[in-house]
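Asker: Here you go, this is structure-v3.cif (mmCIF, C-alpha atoms).
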data_target
loop_
_atom_site.label_atom_id
_atom_site.label_comp_id
_atom_site.auth_asym_id
_atom_site.auth_seq_id
_atom_site.Cartn_x
_atom_site.Cartn_y
_atom_site.Cartn_z
CA MET A 1 163.20 82.09 124.49
CA SER A 2 166.49 83.92 125.13
CA ARG A 3 166.87 86.29 128.08
CA GLN A 4 167.27 89.19 125.62
CA THR A 5 163.98 88.34 123.92
CA LEU A 6 162.28 87.94 127.29
CA ASN A 7 163.49 91.38 128.36
CA GLN A 8 162.12 92.89 125.14
CA VAL A 9 158.73 91.29 125.73
CA LEU A 10 158.72 92.47 129.36
CA ARG A 11 159.43 96.03 128.23
CA SER A 12 156.43 95.80 125.91
CA CYS A 13 154.32 94.65 128.86
CA GLN A 14 155.44 97.61 130.95
CA ALA A 15 154.14 99.95 128.27
CA ILE A 16 150.75 98.22 128.39
CA LEU A 17 150.26 97.80 132.14
CA PRO A 18 148.36 100.68 133.78
CA LYS A 19 150.47 102.84 136.08
CA SER A 20 149.74 102.34 139.77
CA GLU A 21 149.35 105.30 142.14
CA SER A 22 150.73 103.21 145.00
CA TYR A 23 153.90 105.22 145.55
CA LYS A 24 152.09 108.55 145.81
CA THR A 25 149.50 107.03 148.16
CA LEU A 26 152.28 105.71 150.39
CA LEU A 27 153.92 109.14 150.48
CA ASP A 28 150.69 111.05 151.12
CA SER A 29 149.49 108.86 153.98
CA SER A 30 149.98 110.20 157.49
CA ALA A 31 148.86 107.08 159.36
CA ASN A 32 151.67 104.97 157.87
CA LYS A 33 154.27 107.29 159.36
CA ARG A 34 153.63 105.91 162.85
CA GLY A 35 152.73 102.80 164.78
CA LEU A 36 152.45 99.30 163.38
CA SER A 37 151.57 100.60 159.90
CA ARG A 38 154.94 102.31 159.67
CA LYS A 39 156.78 99.15 160.73
CA LEU A 40 154.92 97.06 158.17
CA ASP A 41 155.56 99.55 155.36
CA LEU A 42 159.26 99.53 156.21
CA LEU A 43 159.33 95.90 155.07
CA LEU A 44 158.53 97.10 151.54
CA ARG A 45 161.48 99.48 151.63
CA GLU A 46 163.70 96.63 152.77
CA GLY A 47 162.78 94.78 149.57
CA VAL A 48 161.01 91.89 151.30
CA HIS A 49 158.30 92.18 148.64
CA ASP A 50 160.40 91.03 145.67
CA MET A 51 158.75 92.85 142.77
CA LYS A 52 160.64 90.76 140.22
CA VAL A 53 159.23 87.49 141.56
CA PHE A 54 155.73 88.86 141.88
CA GLY A 55 155.85 90.49 138.45
CA LEU A 56 157.05 87.28 136.82
CA GLY A 57 154.55 85.33 138.90
CA PHE A 58 151.67 87.44 137.63
CA LEU A 59 152.79 86.93 134.03
CA ARG A 60 153.06 83.20 134.65
CA SER A 61 149.50 83.19 136.02
CA ILE A 62 148.14 84.53 132.71
CA ALA A 63 150.21 82.28 130.44
CA SER A 64 147.22 80.00 129.78
CA LYS A 65 143.79 79.11 131.10
CA ASP A 66 145.31 76.24 133.08
CA GLU A 67 147.89 78.51 134.72
CA TYR A 68 145.20 81.07 135.53
CA VAL A 69 142.96 78.40 137.08
CA HIS A 70 145.87 77.01 139.10
CA PHE A 71 146.95 80.32 140.61
CA THR A 72 143.40 81.58 141.11
CA SER A 73 142.60 78.34 142.95
CA CYS A 74 145.67 78.83 145.15
CA SER A 75 144.52 82.37 145.91
CA PHE A 76 141.01 81.15 146.70
CA HIS A 77 142.38 78.71 149.27
CA PHE A 78 144.50 81.18 151.20
CA TYR A 79 141.94 84.00 151.08
CA ARG A 80 139.27 81.58 152.25
CA GLU A 81 141.48 80.45 155.13
CA MET A 82 142.27 84.01 156.15
CA GLU A 83 138.68 85.20 155.94
CA ARG A 84 137.41 82.22 157.92
CA GLU A 85 139.94 82.95 160.67
CA LEU A 86 138.97 86.62 160.68
CA ASP A 87 135.27 85.73 160.87
CA ARG A 88 136.03 83.44 163.81
CA LYS A 89 137.88 86.23 165.62
CA ALA A 90 134.94 88.56 164.92
CA GLU A 91 132.53 86.06 166.50
CA GLU A 92 134.82 85.85 169.54
CA GLY A 93 134.81 89.64 169.87
CA ALA A 94 138.61 89.81 169.54
CA VAL A 95 140.25 93.10 168.62
CA VAL A 96 141.36 91.81 165.22
CA GLY A 97 137.79 90.64 164.60
CA ARG A 98 136.45 94.13 165.32
CA LEU A 99 139.04 95.51 162.90
CA TRP A 100 137.83 93.05 160.26
CA ARG A 101 134.19 94.04 160.68
CA LYS A 102 135.01 97.65 159.83
CA PHE A 103 136.11 96.66 156.30
CA PRO A 104 133.64 94.15 154.81
CA GLU A 105 134.57 95.30 151.30
CA LEU A 106 137.94 93.56 151.58
CA ARG A 107 136.54 90.04 151.14
CA ARG A 108 137.99 88.32 148.09
CA ALA A 109 137.39 84.56 148.45
CA GLU A 110 133.91 84.44 146.92
CA ARG A 111 134.99 86.74 144.11
CA LEU A 112 137.79 84.31 143.30
CA ARG A 113 135.33 81.43 143.34
CA GLU A 114 133.14 83.31 140.85
CA ASP A 115 136.14 84.12 138.64
CA LEU A 116 136.90 80.41 138.43
CA ARG A 117 133.32 79.78 137.31
CA ASN A 118 133.60 82.58 134.76
CA VAL A 119 136.70 81.05 133.17
CA GLY A 120 135.06 77.64 132.91
CA ALA A 121 137.02 75.84 135.63
CA SER A 122 135.78 72.27 135.78
CA SER A 123 135.93 71.78 139.55
CA ASP A 124 134.71 73.52 142.69
CA PRO A 125 137.92 75.07 144.13
CA THR A 126 137.14 73.61 147.56
CA LEU A 127 137.56 70.15 145.99
CA VAL A 128 140.87 70.93 144.28
CA PRO A 129 143.88 69.69 146.30
CA MET A 130 146.12 72.48 147.50
CA SER A 131 149.70 72.71 146.29
CA PRO A 132 152.41 72.21 148.95
CA ALA A 133 153.19 75.95 149.08
CA THR A 134 149.50 76.83 149.42
CA THR A 135 149.09 74.25 152.18
CA ALA A 136 152.02 75.77 154.08
CA TYR A 137 150.62 79.29 153.62
CA CYS A 138 147.18 78.27 154.91
CA ALA A 139 148.76 76.56 157.92
CA SER A 140 150.67 79.76 158.70
CA ILE A 141 147.45 81.79 158.53
CA ARG A 142 145.69 79.30 160.80
CA ARG A 143 148.44 79.47 163.42
CA ALA A 144 148.37 83.27 163.33
CA GLY A 145 144.62 83.19 163.98
CA GLU A 146 144.85 80.72 166.84
CA GLU A 147 147.72 82.23 168.83
CA GLU A 148 148.04 85.51 170.78
CA GLN A 149 144.33 86.39 170.37
CA GLY A 150 144.82 86.18 166.62
CA VAL A 151 146.66 89.49 166.50
CA ARG A 152 149.35 88.20 164.11
CA ILE A 153 146.73 87.71 161.42
CA ILE A 154 146.94 91.49 160.95
CA ALA A 155 150.17 90.72 159.10
CA HIS A 156 148.35 88.53 156.60
CA MET A 157 145.65 91.18 156.13
CA TYR A 158 148.35 93.73 155.42
CA VAL A 159 150.27 91.59 152.93
CA ARG A 160 147.25 90.58 150.87
CA TYR A 161 144.70 93.39 151.08
CA PHE A 162 147.11 96.30 150.78
CA ALA A 163 148.63 94.69 147.68
CA ASP A 164 145.12 94.35 146.26
CA LEU A 165 144.16 97.93 147.11
CA PHE A 166 147.39 99.44 145.80
CA GLY A 167 148.52 97.76 142.60
CA GLY A 168 146.19 94.80 142.28
CA ARG A 169 143.35 96.51 140.45
CA ALA A 170 145.75 97.55 137.67
CA LEU A 171 146.11 93.88 136.74
CA GLY A 172 142.46 93.31 135.84
CA ALA A 173 142.55 94.49 132.21
CA PRO A 174 145.89 92.78 131.44
CA THR A 175 144.44 89.52 132.77
CA LYS A 176 141.50 89.81 130.41
CA TYR A 177 143.77 90.61 127.45
CA ALA A 178 145.81 87.46 128.05
CA VAL A 179 143.19 84.96 129.24
CA GLN A 180 140.66 85.10 126.43
CA GLU A 181 138.44 82.44 128.06
CA LEU A 182 137.40 84.87 130.81
CA LYS A 183 133.75 85.84 130.54
CA GLN A 184 133.98 88.66 133.10
CA SER A 185 136.09 91.71 132.30
CA PRO A 186 137.95 92.51 134.41
CA PRO A 187 137.85 89.55 136.81
CA LEU A 188 135.77 90.19 139.92
CA PHE A 189 138.84 89.77 142.11
CA TYR A 190 140.19 93.05 140.74
CA GLN A 191 136.94 94.96 141.18
CA TRP A 192 136.01 96.94 144.30
CA ASP A 193 132.78 98.22 145.77
CA ARG A 194 131.81 101.85 145.27
CA THR A 195 132.66 102.62 148.91
CA VAL A 196 136.29 101.85 148.04
CA GLU A 197 136.43 103.29 144.53
CA GLN A 198 134.86 106.64 145.36
CA ASP A 199 137.98 107.54 147.37
CA ARG A 200 140.54 104.76 147.39
CA ARG A 201 143.19 106.80 149.18
CA ALA A 202 140.82 107.69 152.01
CA TYR A 203 139.84 104.03 152.34
CA ILE A 204 143.49 102.95 152.54
CA GLU A 205 144.14 105.66 155.13
CA ARG A 206 141.24 104.39 157.25
CA LEU A 207 142.71 100.90 157.09
CA TYR A 208 146.14 102.14 158.18
CA VAL A 209 144.53 104.02 161.10
CA ALA A 210 142.49 100.98 162.15
CA ILE A 211 145.58 98.74 162.11
CA ASN A 212 147.44 101.20 164.33
CA GLU A 213 144.51 101.40 166.74
CA ALA A 214 144.16 97.62 166.94
CA ALA A 215 147.88 97.23 167.64
CA GLU A 216 147.80 99.92 170.32
CA GLU A 217 144.96 98.08 172.04
CA VAL A 218 146.51 94.61 172.24
CA ALA A 219 150.13 94.58 171.11
CA SER A 220 153.25 95.24 173.13
CA GLU A 221 156.51 96.17 171.41
CA GLU A 222 157.46 92.48 171.35
CA VAL A 223 154.13 91.44 169.86
CA GLU A 224 154.45 94.12 167.17
CA LYS A 225 157.83 92.67 166.27
CA ARG A 226 156.21 89.26 165.87
CA ILE A 227 153.50 90.77 163.66
CA VAL A 228 156.19 92.29 161.43
CA GLU A 229 158.00 88.95 161.24
CA GLU A 230 154.69 87.28 160.38
CA ALA A 231 154.33 89.73 157.49
CA ARG A 232 157.85 88.90 156.34
CA SER A 233 156.90 85.21 156.38
CA ALA A 234 153.64 85.91 154.52
CA PHE A 235 155.50 87.67 151.70
CA GLN A 236 157.71 84.60 151.37
CA HIS A 237 154.71 82.25 151.33
CA ASN A 238 153.25 84.28 148.45
CA ALA A 239 156.52 84.09 146.52
CA ASN A 240 156.75 80.34 147.15
CA ILE A 241 153.41 79.78 145.42
CA TYR A 242 154.80 81.32 142.22
CA THR A 243 158.13 79.52 142.38
CA GLU A 244 157.28 76.06 143.76
CA GLU A 245 156.99 74.61 140.25
CA GLU A 246 159.79 74.91 137.72
CA GLY A 247 159.54 77.11 134.67
CA LEU A 248 158.88 80.56 136.14
CA TYR A 249 160.81 82.43 133.44
CA GLY A 250 159.50 80.36 130.55
CA LYS A 251 155.87 80.58 131.68
CA ALA A 252 156.27 84.30 132.42
CA ALA A 253 157.51 84.79 128.86
CA GLN A 254 154.41 82.97 127.57
CA GLY A 255 152.22 85.18 129.73
CA ALA A 256 153.97 88.31 128.49
CA TYR A 257 153.48 87.21 124.88
CA LYS A 258 149.78 86.49 125.53
CA LEU A 259 149.38 89.91 127.13
CA VAL A 260 151.03 91.79 124.27
CA THR A 261 149.14 89.92 121.54
CA GLY A 262 145.84 90.10 123.44
CA TYR A 263 146.27 93.83 123.88
CA ALA A 264 147.05 94.30 120.19
CA MET A 265 143.97 92.29 119.19
CA ALA A 266 141.74 94.32 121.53
CA LYS A 267 143.03 97.60 120.13
CA GLY A 268 142.62 96.29 116.60
CA ARG A 269 138.96 95.46 117.26
CA GLN A 270 138.42 98.95 118.63
CA LEU A 271 139.87 100.53 115.50
CA MET A 272 137.63 98.42 113.26
CA ARG A 273 134.42 99.61 114.94
#
When written as structure tokens, how does the structure in this file appear?
Answerer:
Amino acid sequence: MSRQTLNQVLRSCQAILPKSESYKTLLDSSANKRGLSRKLDLLLREGVHDMKVFGLGFLRSIASKDEYVHFTSCSFHFYREMERELDRKAEEGAVVGRLWRKFPELRRAERLREDLRNVGASSDPTLVPMSPATTAYCASIRRAGEEEQGVRIIAHMYVRYFADLFGGRALGAPTKYAVQELKQSPPLFYQWDRTVEQDRRAYIERLYVAINEAAEEVASEEVEKRIVEEARSAFQHNANIYTEEEGLYGKAAQGAYKLVTGYAMAKGRQLMR
């Protein structure tokens, strides 16, 4: 597929994808204008979160059932690692553990496991070997949980859960359009409990506030800098998972085509009812 054709397909995808309210939520928040939350959000403005890579990576992940299973399995592994570390810090009574206990709705690992069952994955994800990039990401999460009272794991919470709360839910329907083998629509990973959905902005604001409070309790200026650098590293680990195997553009084009045709078929079925 030529780059011109790929760009045309991507423009079609943009017309289909639901519009995220992330930007307005970022602007309206007051808690992210101060403290550690502000420093973490500044990373986004620096462009550390490469939207092109993550957009293409998402399209690659819906190019086929096999691609979906691969990337969902990768996600299961790093969410499971992060949530196990957070549970351990909670049992120890650490500040980051107390932060974690305030937001039980954030858990994603078991939802990802169920999504793999719903798509007919043949293996338990715990038995599937991790890719090199996933292994490196999990090791980074583990180190963050073991050092400095685990405070750097706040960076990993920020990178993953804020992405899920902001734009992530908008990807549920497109995933179902493209991956026809999915039995659950949208995948459970993209669904949130009522306590989140009834006022998503208020929930995000509470999370920003809690992160600031946790940092104020345990983090010096130097430690906050290390948390921000940990977040920078976490963004890169996420990008590495999408790019570690060749064929990002080609697979993304396949995913875009599957999304557009799946959407057209769904709308066609609606019109025939």
Asker: Once the PyMOL selection byres ((chain A and resi 101) around 12) is applied to the coordinates I shared, what remains selected? I want it as a PyMOL selection string.
Answerer: chain A and resi 83+86-91+93-100+102-107+207+210
Asker: Taking all listed atoms of segment 233-238 of chain A, build the axis-aligned box, pad each of the six sides by 3 Å, then write its centre and edge lengths in Å to one decimal as lines of an AutoDock Vina configuration file.
Answerer:
center_x = 155.5
center_y = 85.0
center_z = 152.4
size_x = 10.5
size_y = 11.4
size_z = 13.9
Asker: Which of these, A:Leu259, A:Gly150, A:Arg111, A:Lys65, has the shortest distance to Asp193 of chain A once you count all atoms listed in the file?
Answerer: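 When distances to Asp193 of chain A are compared using all atoms listed in the file, the smallest one comes from A:Arg111.
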Asker: Report as a Markdown table the residues of segment 99-186 of chain A within 12 Å of segment 215-235 of chain A, each with its shortest atom pair and distance in Å (one decimal), using all atoms listed in the file, ordered by chain and increasing residue number.
Answerer:
| residue | atom | partner | partner_atom | distance |
| --- | --- | --- | --- | --- |
| A:Leu99 | CA | A:Ala215 | CA | 10.2 |
| A:Ala133 | CA | A:Ala234 | CA | 11.4 |
| A:Thr134 | CA | A:Ala234 | CA | 11.2 |
| A:Ala136 | CA | A:Ala234 | CA | 10.3 |
| A:Tyr137 | CA | A:Ala234 | CA | 7.3 |
| A:Cys138 | CA | A:Ala234 | CA | 10.0 |
| A:Ala139 | CA | A:Ala234 | CA | 11.1 |
| A:Ser140 | CA | A:Ala234 | CA | 8.0 |
| A:Ile141 | CA | A:Ala234 | CA | 8.4 |
| A:Arg143 | CA | A:Glu230 | CA | 10.5 |
| A:Ala144 | CA | A:Glu230 | CA | 8.0 |
| A:Gly145 | CA | A:Glu230 | CA | 11.4 |
| A:Glu147 | CA | A:Val223 | CA | 11.3 |
| A:Glu148 | CA | A:Val223 | CA | 8.5 |
| A:Gln149 | CA | A:Val218 | CA | 8.7 |
| A:Gly150 | CA | A:Ile227 | CA | 10.3 |
| A:Val151 | CA | A:Ile227 | CA | 7.5 |
| A:Arg152 | CA | A:Ile227 | CA | 4.9 |
| A:Ile153 | CA | A:Ile227 | CA | 7.8 |
| A:Ile154 | CA | A:Ile227 | CA | 7.1 |
| A:Ala155 | CA | A:Ala231 | CA | 4.6 |
| A:His156 | CA | A:Ala231 | CA | 6.2 |
| A:Met157 | CA | A:Ala231 | CA | 8.9 |
| A:Tyr158 | CA | A:Ala231 | CA | 7.5 |
| A:Val159 | CA | A:Ala231 | CA | 6.4 |
| A:Arg160 | CA | A:Ala234 | CA | 8.7 |
| A:Phe162 | CA | A:Ala231 | CA | 11.8 |
| A:Ala163 | CA | A:Phe235 | CA | 10.6 |
Asker: Using only C-alpha atoms, determine which residues lie at most 7 Å from Ala109 of chain A, disregarding the query and same-chain residues fewer than 5 positions distant; provide the list as a ChimeraX atom specification.
Answerer: /A:76,79-80
Asker: What is the atom CA of Glu213 of chain A to atom CA of Ser37 of chain A distance in Å?
Answerer: 9.9 Å
Asker: Could you state the separation of atom CA of Val53 of chain A and atom CA of Gly167 of chain A in Å, given to one decimal place?
Answerer: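 A separation of 14.9 Å between them.
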Asker: Of the residues A:Lys251, A:Lys267, A:Asn212, A:Gly57, which is the one nearest to Lys33 of chain A, using all atoms listed in the file?
Answerer: A:Asn212
Asker: Enter the distance from atom CA of Asn238 of chain A to atom CA of Phe71 of chain A, in Å, rounded to one decimal.
Answerer: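 Spanning atom CA of Asn238 of chain A to atom CA of Phe71 of chain A is a straight-line distance of 10.8 Å.
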Asker: Rank nothing, just name the residue among A:Leu165, A:Val119, A:Leu248, A:Ala256 nearest to Thr72 of chain A, using only C-alpha atoms.
Answerer: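 Among A:Leu165, A:Val119, A:Leu248, A:Ala256, it is A:Val119 that comes nearest to Thr72 of chain A.
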